[in-house]
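Below is work36.txt, holding compact mmCIF, C-alpha atoms.
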# COMPACT_ATOMS: atom_id res chain seq x y z
CA MET A 1 -247.45 -123.97 55.60
CA ILE A 2 -245.52 -126.97 56.85
CA LEU A 3 -245.43 -128.73 53.46
CA PHE A 4 -243.67 -125.76 51.87
CA ASP A 5 -241.35 -125.43 54.88
CA ALA A 6 -240.47 -129.13 54.48
CA LEU A 7 -239.86 -128.69 50.75
CA SER A 8 -237.69 -125.65 51.40
CA ALA A 9 -235.77 -127.51 54.16
CA TYR A 10 -235.19 -130.36 51.69
CA SER A 11 -233.97 -128.05 48.95
CA ALA A 12 -231.53 -126.48 51.45
CA LEU A 13 -229.78 -129.86 51.89
CA ASN A 14 -226.58 -130.52 49.96
CA ASN A 15 -226.22 -133.53 47.65
CA GLU A 16 -224.60 -135.70 50.30
CA GLN A 17 -227.39 -134.94 52.78
CA LYS A 18 -230.09 -135.57 50.16
CA HIS A 19 -228.45 -138.89 49.35
CA PHE A 20 -228.59 -139.84 53.03
CA VAL A 21 -232.27 -138.84 53.30
CA VAL A 22 -233.18 -141.12 50.39
CA ASN A 23 -230.70 -143.91 51.11
CA LYS A 24 -231.07 -143.62 54.93
CA LYS A 25 -227.58 -144.99 55.46
CA ILE A 26 -224.55 -143.17 56.70
CA GLN A 27 -220.94 -144.07 57.40
CA LEU A 28 -218.70 -141.30 58.66
CA ASN A 29 -215.33 -141.19 60.36
CA GLN A 30 -214.80 -137.55 61.20
CA LEU A 31 -214.92 -135.03 64.04
CA PRO A 32 -218.22 -135.38 65.93
CA ASN A 33 -218.96 -131.66 65.45
CA LYS A 34 -218.78 -132.17 61.69
CA THR A 35 -221.15 -135.12 61.96
CA LEU A 36 -223.59 -133.03 64.01
CA ASP A 37 -223.34 -130.18 61.49
CA PHE A 38 -224.11 -132.71 58.76
CA LEU A 39 -227.16 -134.06 60.60
CA LYS A 40 -228.61 -130.75 61.83
CA PRO A 41 -230.45 -129.66 58.64
CA ILE A 42 -231.59 -133.25 58.10
CA THR A 43 -233.14 -133.30 61.56
CA LYS A 44 -234.93 -130.03 60.80
CA PHE A 45 -236.38 -131.55 57.63
CA ASP A 46 -237.37 -134.79 59.37
CA LEU A 47 -239.15 -132.97 62.21
CA LEU A 48 -241.12 -130.95 59.65
CA LEU A 49 -242.20 -134.20 57.99
CA ASN A 50 -243.24 -135.54 61.40
CA ALA A 51 -245.32 -132.42 62.03
CA LEU A 52 -246.88 -132.73 58.59
CA LYS A 53 -248.10 -136.33 59.02
CA PRO A 54 -250.97 -135.80 61.53
CA LYS A 55 -252.15 -132.62 59.80
CA LEU A 56 -252.22 -134.38 56.47
CA LYS A 57 -254.26 -137.24 57.91
CA VAL A 58 -256.90 -134.82 59.27
CA LEU A 59 -256.96 -132.92 55.98
CA PHE A 60 -257.30 -136.17 54.06
CA ILE A 61 -260.37 -137.19 56.09
CA VAL A 62 -261.92 -133.71 55.70
CA MET A 63 -261.35 -133.82 51.92
CA ILE A 64 -262.99 -137.26 51.64
CA VAL A 65 -266.06 -136.06 53.55
CA LEU A 66 -266.25 -132.87 51.45
CA SER A 67 -265.88 -134.88 48.22
CA ILE A 68 -268.76 -137.18 49.19
CA ILE A 69 -271.01 -134.25 50.13
CA GLY A 70 -269.93 -132.27 47.05
CA GLY A 71 -270.49 -135.22 44.70
CA PHE A 72 -273.90 -135.84 46.20
CA GLY A 73 -274.82 -132.14 45.82
CA LEU A 74 -273.57 -131.99 42.25
CA SER A 75 -275.54 -135.06 41.21
CA ILE A 76 -278.76 -133.55 42.61
CA TYR A 77 -278.57 -129.86 41.75
CA VAL A 78 -276.37 -129.61 38.67
CA ASP A 79 -277.36 -130.70 35.18
CA SER A 80 -274.42 -129.19 33.32
CA PRO A 81 -271.86 -131.88 32.33
CA GLU A 82 -269.03 -129.26 32.35
CA VAL A 83 -269.62 -128.51 36.03
CA MET A 84 -269.90 -132.23 36.82
CA PHE A 85 -266.59 -132.96 35.03
CA GLY A 86 -265.00 -129.92 36.72
CA GLY A 87 -266.10 -131.20 40.14
CA PHE A 88 -264.79 -134.71 39.55
CA GLY A 89 -261.61 -133.34 37.99
CA SER A 90 -260.93 -131.21 41.08
CA ALA A 91 -261.53 -134.23 43.33
CA LEU A 92 -259.09 -136.28 41.25
CA LEU A 93 -256.51 -133.49 41.37
CA PHE A 94 -256.75 -133.31 45.17
CA ALA A 95 -256.48 -137.09 45.41
CA PHE A 96 -253.32 -136.99 43.28
CA LEU A 97 -251.82 -134.21 45.43
CA PHE A 98 -252.47 -136.22 48.59
CA TRP A 99 -251.00 -139.35 47.06
CA ALA A 100 -247.89 -137.41 45.97
CA THR A 101 -247.48 -135.89 49.45
CA PHE A 102 -247.84 -139.27 51.18
CA ALA A 103 -245.36 -140.82 48.75
CA PHE A 104 -242.95 -137.93 49.44
CA ILE A 105 -243.21 -138.46 53.19
CA LYS A 106 -242.80 -142.22 52.92
CA ARG A 107 -239.73 -141.92 50.75
CA TYR A 108 -237.94 -139.25 52.75
CA ASP A 109 -239.03 -139.95 56.32
CA LEU A 110 -236.19 -141.13 58.56
CA ASP A 111 -236.39 -143.22 61.71
CA ASP A 112 -237.03 -140.92 64.69
CA ASN A 113 -234.17 -142.55 66.56
CA LEU A 114 -231.90 -140.33 64.45
CA TRP A 115 -232.87 -137.10 66.24
CA HIS A 116 -234.14 -138.68 69.44
CA PHE A 117 -231.23 -141.02 70.13
CA ALA A 118 -228.27 -140.81 67.74
CA VAL A 119 -227.83 -137.02 67.75
CA PRO A 120 -227.91 -136.53 71.54
CA PHE A 121 -225.71 -139.61 72.00
CA ILE A 122 -223.07 -138.29 69.58
CA ASN A 123 -223.24 -134.88 71.26
CA ILE A 124 -222.67 -136.35 74.72
CA LEU A 125 -219.83 -138.64 73.65
CA SER A 126 -218.12 -135.72 71.92
CA GLN A 127 -217.87 -134.01 75.34
CA ASP A 128 -215.42 -136.73 76.42
CA MET A 129 -213.28 -136.76 73.30
CA ALA A 130 -210.18 -134.79 72.37
CA GLU A 131 -210.97 -131.92 69.99
CA ASP A 132 -209.06 -133.49 67.09
CA GLU A 133 -210.31 -137.06 67.65
CA PRO A 134 -212.61 -138.51 64.96
CA MET A 135 -215.71 -140.55 65.77
CA PHE A 136 -216.84 -143.48 63.65
CA VAL A 137 -220.58 -143.49 63.01
CA MET A 138 -222.42 -146.11 60.97
CA GLY A 139 -226.16 -145.55 60.90
CA ASP A 140 -229.03 -147.14 59.03
CA PHE A 141 -232.23 -145.18 59.64
CA SER A 142 -234.46 -147.13 57.28
CA THR A 143 -237.56 -148.85 58.59
CA HIS A 144 -237.00 -152.04 60.58
CA GLU A 145 -239.41 -153.82 58.22
CA ALA A 146 -237.28 -153.29 55.13
CA LYS A 147 -236.69 -156.47 53.08
CA GLU A 148 -232.94 -156.40 53.71
CA HIS A 149 -233.51 -156.81 57.47
CA HIS A 150 -235.91 -159.76 57.11
CA LYS A 151 -234.54 -162.88 58.78
CA GLU A 152 -237.28 -165.46 59.10
CA GLU A 153 -240.89 -166.22 58.26
CA ILE A 154 -242.91 -168.82 60.16
CA ASN A 155 -246.23 -169.68 58.56
CA GLN A 156 -248.82 -171.56 60.60
CA ASP A 157 -251.53 -172.36 58.09
CA PRO A 158 -254.02 -175.11 59.14
CA GLY A 159 -255.24 -175.47 55.54
CA PHE A 160 -257.66 -174.10 52.95
CA MET A 161 -260.51 -172.12 54.59
CA LYS A 162 -259.30 -173.15 58.04
CA TYR A 163 -258.52 -170.57 60.70
CA PRO A 164 -256.65 -169.08 62.49
CA LYS A 165 -253.83 -168.56 60.02
CA VAL A 166 -250.80 -167.01 61.68
CA VAL A 167 -247.67 -165.67 60.00
CA TYR A 168 -244.68 -164.55 62.05
CA ASN A 169 -242.03 -162.36 60.42
CA LYS A 170 -238.78 -161.66 62.19
CA TYR A 171 -236.49 -158.76 61.36
CA MET A 172 -233.03 -157.96 62.67
CA HIS A 173 -231.75 -154.47 61.97
CA LYS A 174 -228.40 -153.19 63.20
CA TRP A 175 -229.04 -149.50 62.89
CA LEU A 176 -226.27 -147.78 64.82
CA VAL A 177 -222.58 -148.39 65.44
CA ILE A 178 -220.50 -145.72 67.13
CA ARG A 179 -216.82 -146.05 67.91
CA ALA A 180 -214.70 -143.45 69.60
CA GLN A 181 -211.58 -143.02 71.65
CA LEU A 182 -212.32 -141.12 74.83
CA ILE A 183 -210.05 -138.51 76.34
CA ASN A 184 -208.84 -140.90 79.04
CA GLY A 185 -207.60 -143.36 76.39
CA ALA A 186 -210.50 -145.82 76.69
CA CYS A 187 -211.98 -147.01 73.38
CA LEU A 188 -215.75 -147.19 73.21
CA ASP A 189 -217.84 -149.29 70.85
CA THR A 190 -221.65 -149.04 70.91
CA GLN A 191 -223.91 -151.16 68.72
CA ILE A 192 -227.69 -151.11 68.61
CA THR A 193 -229.78 -153.74 66.90
CA ALA A 194 -233.57 -153.76 66.62
CA ASN A 195 -235.31 -157.12 66.78
CA LEU A 196 -238.80 -156.77 65.35
CA ASN A 197 -241.46 -159.48 65.43
CA VAL A 198 -244.59 -158.96 63.38
CA ARG A 199 -247.52 -161.33 63.88
CA LYS A 200 -250.24 -161.42 61.25
CA LYS A 201 -253.27 -163.35 62.44
CA THR A 202 -256.29 -164.06 60.26
CA ASP A 203 -259.31 -165.47 62.08
CA TYR A 204 -263.06 -165.22 62.53
CA SER A 205 -264.14 -162.19 64.54
CA ARG A 206 -267.02 -162.17 67.05
CA SER A 207 -269.39 -161.13 64.28
CA ASN A 208 -268.24 -164.19 62.30
CA LYS A 209 -266.36 -162.15 59.71
CA ILE A 210 -262.82 -163.02 58.63
CA LYS A 211 -260.44 -160.36 59.90
CA THR A 212 -256.69 -159.87 59.89
CA LYS A 213 -254.84 -158.33 62.82
CA TYR A 214 -251.22 -157.25 63.06
CA LYS A 215 -249.13 -157.09 66.21
CA ARG A 216 -245.63 -155.62 66.27
CA LYS A 217 -243.09 -156.03 69.05
CA VAL A 218 -239.75 -154.24 69.01
CA LYS A 219 -236.83 -155.09 71.21
CA GLN A 220 -233.72 -152.94 71.01
CA ILE A 221 -230.48 -154.74 71.86
CA VAL A 222 -227.97 -152.19 73.15
CA SER A 223 -224.41 -153.42 73.42
CA VAL A 224 -221.53 -151.33 74.77
CA SER A 225 -217.87 -152.38 74.87
CA ILE A 226 -215.03 -150.37 76.30
CA ASP A 227 -211.37 -151.27 75.95
CA PHE A 228 -209.31 -150.08 78.88
CA ALA A 229 -205.50 -150.15 78.63
CA ARG A 230 -204.02 -152.08 81.57
CA LYS A 231 -201.40 -149.38 82.12
CA ARG A 232 -204.11 -146.83 82.73
CA PHE A 233 -206.97 -148.68 84.38
CA THR A 234 -207.57 -151.48 86.86
CA LEU A 235 -210.80 -153.22 87.66
CA THR A 236 -212.40 -151.99 90.87
CA PRO A 237 -212.05 -154.40 93.84
CA ASP A 238 -215.81 -155.03 93.97
CA PHE A 239 -216.00 -155.85 90.24
CA ASN A 240 -217.64 -159.21 89.78
CA PRO A 241 -219.03 -160.16 86.37
CA ASN A 242 -220.90 -163.08 87.92
CA ASN A 243 -222.98 -160.77 90.08
CA ARG A 244 -226.60 -160.88 88.95
CA LYS A 245 -226.79 -157.12 89.11
CA ASN A 246 -224.15 -156.95 86.38
CA ASP A 247 -226.56 -158.09 83.69
CA ASN A 248 -224.64 -159.59 80.80
CA LEU A 249 -221.39 -157.98 81.87
CA LYS A 250 -218.45 -159.70 80.21
CA LEU A 251 -214.74 -159.32 80.68
CA LYS A 252 -212.17 -160.23 78.06
CA GLU A 253 -208.53 -159.76 78.95
CA SER A 254 -205.28 -159.63 77.06
CA ASP A 255 -201.76 -158.56 78.00
CA LYS A 256 -202.31 -154.93 77.12
CA LYS A 257 -206.00 -154.30 77.58
CA GLN A 258 -209.18 -155.43 79.22
CA ARG A 259 -212.45 -155.26 77.32
CA LEU A 260 -215.66 -154.87 79.27
CA THR A 261 -218.92 -155.51 77.44
CA VAL A 262 -222.45 -155.08 78.64
CA THR A 263 -225.60 -155.87 76.68
CA ARG A 264 -229.17 -155.02 77.50
CA ALA A 265 -232.41 -155.81 75.68
CA ILE A 266 -234.96 -153.04 75.91
CA ARG A 267 -238.56 -153.83 75.05
CA CYS A 268 -240.05 -150.69 73.52
CA GLU A 269 -243.51 -149.64 74.62
CA LYS A 270 -244.35 -148.11 71.28
CA ASP A 271 -244.06 -150.19 68.15
CA ASN A 272 -241.84 -147.57 66.49
CA GLY A 273 -238.99 -148.75 68.74
CA MET A 274 -237.96 -145.29 69.89
CA LEU A 275 -235.02 -145.24 72.30
CA ILE A 276 -233.84 -142.62 74.74
CA PRO A 277 -230.14 -141.76 75.26
CA GLU A 278 -230.20 -143.16 78.82
CA ALA A 279 -230.46 -146.63 77.25
CA SER A 280 -226.80 -146.61 76.32
CA LEU A 281 -225.46 -143.94 78.67
CA THR A 282 -226.33 -145.95 81.78
CA LEU A 283 -224.46 -148.92 80.28
CA ILE A 284 -221.39 -146.80 79.57
CA GLY A 285 -221.63 -145.44 83.11
CA LYS A 286 -221.76 -148.99 84.42
CA LEU A 287 -218.58 -149.93 82.57
CA MET A 288 -216.81 -146.74 83.62
CA MET A 289 -217.70 -147.46 87.24
CA SER A 290 -216.13 -150.92 86.93
CA VAL A 291 -212.64 -149.49 86.55
CA SER A 292 -210.49 -146.99 88.33
CA PRO A 293 -207.35 -145.25 87.11
CA ALA A 294 -204.26 -147.36 87.68
CA ARG A 295 -202.40 -144.52 89.38
CA LYS A 296 -204.64 -143.26 92.09
CA GLY A 297 -203.85 -139.67 92.95
CA LYS A 298 -205.03 -137.06 95.34
CA GLN A 299 -208.59 -136.87 96.58
CA HIS A 300 -210.36 -133.56 96.66
CA ALA A 301 -212.18 -132.39 99.71
CA MET B 1 -205.40 -113.83 84.09
CA PRO B 2 -208.06 -115.98 85.82
CA LYS B 3 -208.99 -119.32 84.25
CA CYS B 4 -212.39 -120.63 83.23
CA GLU B 5 -213.87 -122.62 86.11
CA VAL B 6 -216.42 -124.58 84.10
CA LYS B 7 -216.09 -128.36 84.24
CA THR B 8 -216.20 -129.97 80.81
CA GLY B 9 -216.90 -133.58 79.91
CA PHE B 10 -219.70 -135.98 80.68
CA PHE B 11 -218.30 -139.28 81.95
CA ILE B 12 -214.86 -137.78 82.51
CA LEU B 13 -214.93 -134.36 84.13
CA ARG B 14 -212.03 -131.99 83.67
CA ASP B 15 -211.19 -128.32 84.08
CA CYS B 16 -211.58 -126.01 81.09
CA GLU B 17 -208.82 -123.60 82.19
CA ASN B 18 -209.13 -121.23 79.22
CA PRO B 19 -208.00 -117.75 80.26
CA THR B 20 -210.88 -115.31 80.74
CA ASN B 21 -211.85 -111.93 82.15
CA HIS B 22 -215.57 -112.65 82.39
CA SER B 23 -217.68 -114.13 85.12
CA CYS B 24 -221.15 -115.66 85.31
CA SER B 25 -223.81 -113.16 86.45
CA ILE B 26 -225.53 -115.86 88.55
CA CYS B 27 -222.83 -118.06 90.15
CA ASN B 28 -219.87 -115.65 89.74
CA LYS B 29 -217.63 -118.40 88.34
CA ASN B 30 -214.98 -117.28 85.85
CA VAL B 31 -216.23 -118.29 82.40
CA CYS B 32 -214.51 -118.30 79.02
CA ALA B 33 -216.28 -117.31 75.79
CA ARG B 34 -216.71 -120.97 74.83
CA HIS B 35 -218.73 -121.75 77.94
CA MET B 36 -220.66 -118.51 78.17
CA ARG B 37 -224.19 -117.87 76.92
CA GLY B 38 -226.73 -115.11 77.37
CA HIS B 39 -229.41 -115.74 79.99
CA PRO B 40 -232.61 -116.80 78.14
CA GLU B 41 -234.66 -114.08 79.88
CA THR B 42 -232.34 -111.26 80.84
CA GLY B 43 -229.54 -111.75 78.32
CA ALA B 44 -226.94 -111.36 81.06
CA PRO B 45 -223.74 -113.42 80.58
CA CYS B 46 -224.08 -116.83 82.25
CA CYS B 47 -222.13 -120.08 82.38
CA LEU B 48 -223.60 -123.12 80.63
CA ASP B 49 -224.47 -124.74 83.97
CA CYS B 50 -226.67 -121.78 84.99
CA VAL B 51 -228.36 -121.53 81.58
CA ALA B 52 -229.08 -125.27 81.69
CA GLU B 53 -230.41 -124.95 85.24
CA PHE B 54 -232.83 -122.24 84.11
CA GLY B 55 -234.38 -124.43 81.42
CA LYS B 56 -234.74 -127.64 83.37
CA THR B 57 -238.42 -127.44 84.33
CA ALA B 58 -240.55 -130.10 82.66
CA GLU B 59 -242.71 -127.70 80.63
CA LYS B 60 -239.70 -125.88 79.29
CA GLU B 61 -238.00 -129.17 78.44
CA LYS B 62 -241.02 -130.38 76.49
CA GLU B 63 -241.29 -127.09 74.67
CA LYS B 64 -237.64 -127.12 73.71
CA GLU B 65 -237.68 -130.75 72.61
CA LYS B 66 -239.85 -129.69 69.68
CA ALA B 67 -237.12 -127.39 68.42
CA ASP B 68 -235.00 -129.00 65.72
CA ASP B 69 -231.67 -127.97 67.28
CA TYR B 70 -232.55 -128.98 70.86
CA TYR B 71 -230.12 -131.90 71.13
CA TYR B 72 -227.26 -130.22 69.27
CA GLY B 73 -226.05 -127.59 71.68
CA PRO B 74 -223.83 -127.78 74.76
CA VAL B 75 -226.61 -126.29 76.92
CA TRP B 76 -228.62 -129.50 76.62
CA CYS B 77 -225.52 -131.57 77.46
CA PHE B 78 -224.80 -129.54 80.60
CA GLY B 79 -228.39 -129.80 81.82
CA TYR B 80 -228.60 -133.48 81.01
CA ARG B 81 -225.25 -134.17 82.73
CA ARG B 82 -226.49 -132.90 86.08
CA ARG B 83 -229.73 -134.88 85.73
CA PHE B 84 -227.84 -138.03 84.76
CA TYR B 85 -225.56 -137.79 87.82
CA ASN B 86 -228.58 -137.33 90.08
CA ASP B 87 -230.76 -140.07 88.56
CA SER B 88 -228.13 -142.76 88.04
CA ASP B 89 -225.44 -144.15 90.34
CA TYR B 90 -222.75 -142.81 88.13
CA GLN B 91 -219.81 -141.02 89.71
CA PRO B 92 -217.76 -139.22 87.07
CA MET B 93 -213.99 -139.50 86.92
CA TYR B 94 -212.31 -136.18 87.57
CA SER B 95 -208.79 -135.42 86.41
CA GLY B 96 -208.57 -131.73 87.34
CA SER B 97 -207.34 -129.96 90.41
CA SER B 98 -209.86 -127.23 91.23
CA ASP B 99 -212.37 -127.00 94.05
CA LEU B 100 -215.45 -128.99 93.06
CA SER B 101 -217.67 -127.72 95.85
CA ILE B 102 -218.52 -124.57 93.85
CA ASP B 103 -220.10 -126.87 91.26
CA GLY B 104 -222.21 -128.53 93.91
CA PHE B 105 -220.16 -131.76 94.00
CA ASP B 106 -218.92 -133.35 97.18
CA GLU B 107 -216.28 -136.00 97.66
CA SER B 108 -218.70 -138.89 97.27
CA ASP B 109 -220.05 -137.61 93.93
CA ILE B 110 -216.84 -137.99 91.97
CA ARG B 111 -213.82 -140.24 91.57
CA SER B 112 -210.78 -138.01 91.33
CA PHE B 113 -207.33 -139.02 90.15
CA ASP B 114 -204.05 -137.58 89.05
CA THR B 115 -203.20 -137.62 85.35
CA ALA B 116 -199.47 -136.98 85.75
CA ASP B 117 -197.17 -139.02 83.47
CA GLU B 118 -200.05 -140.48 81.54
CA GLY B 119 -198.64 -139.06 78.32
CA ASP B 120 -196.26 -142.01 78.04
CA ASP B 121 -199.05 -144.55 77.92
CA SER B 122 -200.61 -145.62 74.68
CA PRO B 123 -204.40 -145.86 74.64
CA ALA B 124 -206.16 -149.17 74.34
CA GLU B 125 -205.96 -150.50 70.81
CA ALA B 126 -209.56 -151.34 70.31
CA PHE B 127 -211.82 -152.94 67.76
CA ASP B 128 -209.15 -154.91 65.98
CA ASP B 129 -211.01 -158.19 66.10
CA GLN B 130 -214.46 -157.40 64.83
CA SER B 131 -216.08 -155.88 61.81
CA VAL B 132 -218.70 -153.16 61.78
CA PHE B 133 -220.92 -155.15 59.53
CA ASP B 134 -220.84 -158.48 61.34
CA SER B 135 -224.54 -158.50 62.01
Any chance you could give the structure as structure tokens?
Amino acid sequence: MILFDALSAYSALNNEQKHFVVNKKIQLNQLPNKTLDFLKPITKFDLLLNALKPKLKVLFIVMIVLSIIGGFGLSIYVDSPEVMFGGFGSALLFAFLFWATFAFIKRYDLDDNLWHFAVPFINILSQDMAEDEPMFVMGDFSTHEAKEHHKEEINQDPGFMKYPKVVYNKYMHKWLVIRAQLINGACLDTQITANLNVRKKTDYSRSNKIKTKYKRKVKQIVSVSIDFARKRFTLTPDFNPNNRKNDNLKLKESDKKQRLTVTRAIRCEKDNGMLIPEASLTLIGKLMMSVSPARKGKQHA
Amino acid sequence: MPKCEVKTGFFILRDCENPTNHSCSICNKNVCARHMRGHPETGAPCCLDCVAEFGKTAEKEKEKEKADDYYYGPVWCFGYRRRFYNDSDYQPMYSGSSDLSIDGFDESDIRSFDTADEGDDSPAEAFDDQSVFDS
């Protein structure tokens, strides 16, 4: 059963990993392989929780239906108070078990961008790093709607018993920072921030009842900077930061290095704000294509 | 002793060059232990490129994505690398010296350069003017 698998996966975590699962924050500066080894059992646990959620919802609905039918049957056919109390006691016990399981999932569930984005991204970047080079990873895989990420509330209330009442809540959540020196000497800095807007609208429905609707929009701001040493790299002749195709491409130069930065806002289709690795890899590719090695060598046929 | 002919890296391709006596049962490239895996069906020794090629069909990808260790291994990286080169405009930098045609690359796919004397250069000193937590 998945619940027991999840519990066993959780108990297999070490103290540091358990702390991360509860706290949902991580800051590591170590070899990327070590970071991946650290995250691997956590991913296993998180995927088990994800698999548990839909099954638990179905089971919850089935149990409610059975409780109603059972309660109805007991009230008609059973006179014994012991059986009645036993029936209600069992229903209460099941309700408590469900509540405990939901609370467990809510407390320990991590943002899916951990296994769907951060892990593959770290794995890919590690391919271009020296074996003894550490990677800095700062991650916050808590929900975007946590209080600490709340930035602004706009309340549009026309007055007592007047509708529509609309409340906008804005959240800004920087959830991933990765810094690494690549094998060609370039220094990479990736930062991802989720901008979440939640609209709560209370108004009369078509049937003239007062109803509240929520709408969530998530925009992920992906920013990638790469520092290229002047001795090693030059900008390609066709590099032009003013070109419209180079969306938000910025160049900052100093005597020793040139920093290229590109930022892109990605509107997520699903309100969970899930990203795919391409989101940042294409930006890194864009920056890499903007430079060429300073000493051009032989071309291969 | 022959050297491993697998190309490592994602944005920056380079030669592995570990000494080896083994070769891939599909493409016949020399492969070191680090870049060799058993074929998922036959178990025959294969290079990471060939193993990744085997699992690239959409159904297999979806099936594997459910596995908790899917994104952790080098096989995924090798398969994804080829897809990324095909789907994006990216041309990887290449600092090696071997023949790239056996990997299916032609001259227009890569940007090759010589790395000689680069040891004297210091890398870019990055990230000295911003904090991680400046949100």
Q: Excluding Pro74 of chain B and any residue of its chain fewer than 6 positions from it, enumerate the residues within 9 Å of it, using all atoms listed in the file, and give them as a ChimeraX atom specification.
A: /A:123-124,127 /B:35,48
**Q.** Residue among B:Asp103, B:Asp109, B:Asp69, B:Asp49 lying closest to chain A, counting only C-alpha atoms
**A.**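 Once distances to chain A are computed over only C-alpha atoms, the minimum belongs to B:Asp69.
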Would you mind listing what lies within 10 Å of His116 of chain A as a PDB file with C-alpha atoms, in the frame of the given file, with only C-alpha atoms counted and same-chain residues fewer than 5 positions away left out?
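Result file follows (out34.pdb):
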ATOM      1  CA  THR A  43    -233.140-133.300  61.560  1.00  0.00           C
ATOM      2  CA  ASP A 111    -236.390-143.220  61.710  1.00  0.00           C
ATOM      3  CA  PHE A 121    -225.710-139.610  72.000  1.00  0.00           C
ATOM      4  CA  MET A 274    -237.960-145.290  69.890  1.00  0.00           C
ATOM      5  CA  LEU A 275    -235.020-145.240  72.300  1.00  0.00           C
ATOM      6  CA  ILE A 276    -233.840-142.620  74.740  1.00  0.00           C
ATOM      7  CA  PRO A 277    -230.140-141.760  75.260  1.00  0.00           C
TER       8      PRO A 277
ATOM      9  CA  GLU B  65    -237.680-130.750  72.610  1.00  0.00           C
ATOM     10  CA  TYR B  70    -232.550-128.980  70.860  1.00  0.00           C
ATOM     11  CA  TYR B  71    -230.120-131.900  71.130  1.00  0.00           C
TER      12      TYR B  71
END
Q | Residue contacts of Leu196 of chain A (6 Å, all atoms listed in the file) excluding same-chain residues fewer than 6 positions away, as a list in words | A |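 The neighbour list is Lys170, Tyr171, Lys217 and Val218 of chain A.
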Q) Which value, in Å to one decimal, gives the distance between atom CA of Ala12 of chain A and atom CA of Leu49 of chain A? A)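 Computed distance, atom CA of Ala12 of chain A to atom CA of Leu49 of chain A, equals 14.7 Å.
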Q | Polymer residues at most 12 Å from Cys16 of chain B, only C-alpha atoms, same-chain spacing of 6 or more positions, as a PyMOL selection string | A | (chain A and resi 127) or (chain B and resi 2-9+30-35+95-98)
Using the selection just defined, write its residues with C-alpha atoms as an mmCIF file, keeping the file's coordinate frame.
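In the end it all went to out00.cif:
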data_model
loop_
_atom_site.group_PDB
_atom_site.id
_atom_site.type_symbol
_atom_site.label_atom_id
_atom_site.label_comp_id
_atom_site.auth_asym_id
_atom_site.auth_seq_id
_atom_site.Cartn_x
_atom_site.Cartn_y
_atom_site.Cartn_z
ATOM 1 C CA GLN A 127 -217.870 -134.010 75.340
ATOM 2 C CA PRO B 2 -208.060 -115.980 85.820
ATOM 3 C CA LYS B 3 -208.990 -119.320 84.250
ATOM 4 C CA CYS B 4 -212.390 -120.630 83.230
ATOM 5 C CA GLU B 5 -213.870 -122.620 86.110
ATOM 6 C CA VAL B 6 -216.420 -124.580 84.100
ATOM 7 C CA LYS B 7 -216.090 -128.360 84.240
ATOM 8 C CA THR B 8 -216.200 -129.970 80.810
ATOM 9 C CA GLY B 9 -216.900 -133.580 79.910
ATOM 10 C CA ASN B 30 -214.980 -117.280 85.850
ATOM 11 C CA VAL B 31 -216.230 -118.290 82.400
ATOM 12 C CA CYS B 32 -214.510 -118.300 79.020
ATOM 13 C CA ALA B 33 -216.280 -117.310 75.790
ATOM 14 C CA ARG B 34 -216.710 -120.970 74.830
ATOM 15 C CA HIS B 35 -218.730 -121.750 77.940
ATOM 16 C CA SER B 95 -208.790 -135.420 86.410
ATOM 17 C CA GLY B 96 -208.570 -131.730 87.340
ATOM 18 C CA SER B 97 -207.340 -129.960 90.410
ATOM 19 C CA SER B 98 -209.860 -127.230 91.230
#
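Note that atom CA of Ala146 of chain A and atom CA of Val166 of chain A are 20.3 Å apart.
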Q. Between A:Phe141, A:Phe4, A:Tyr77, A:Phe45, which has the minimum distance to chain B (counting only C-alpha atoms)?
A.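 Once distances to chain B are computed over only C-alpha atoms, the minimum belongs to A:Phe45.
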**Q.** Separation of atom CA of Ala52 of chain B from atom CA of Gln191 of chain A in Å
**A.**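 Distance between the two atoms: 29.4 Å.
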(Q) Calculated over only C-alpha atoms, which of the candidates B:Leu13, B:Arg82, B:Met1, B:Cys47 has the smallest distance to chain A? (A)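 Going through B:Leu13, B:Arg82, B:Met1, B:Cys47 one by one, the smallest distance to chain A is for B:Leu13.
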Q.
Need to verify the contact set: Asn248 of chain A, 12 Å, all atoms listed in the file, exclusion of same-chain residues closer than 5 positions in sequence. Can you return it as a ChimeraX atom specification?
A. /A:221-225,240-243,260-265,283,286-287
Q) Looking at only C-alpha atoms, which of A:Lys257, A:Gly70, A:Thr236, A:Ala180 is the one that sits closest to Arg111 of chain B? A) A:Thr236
Q | Counting only C-alpha atoms, the residue of A:Ile42, A:Ala118, A:Ile154, A:Leu31 that sits nearest Ala6 of chain A | A |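 Smallest separation from Ala6 of chain A among the options: A:Ile42.
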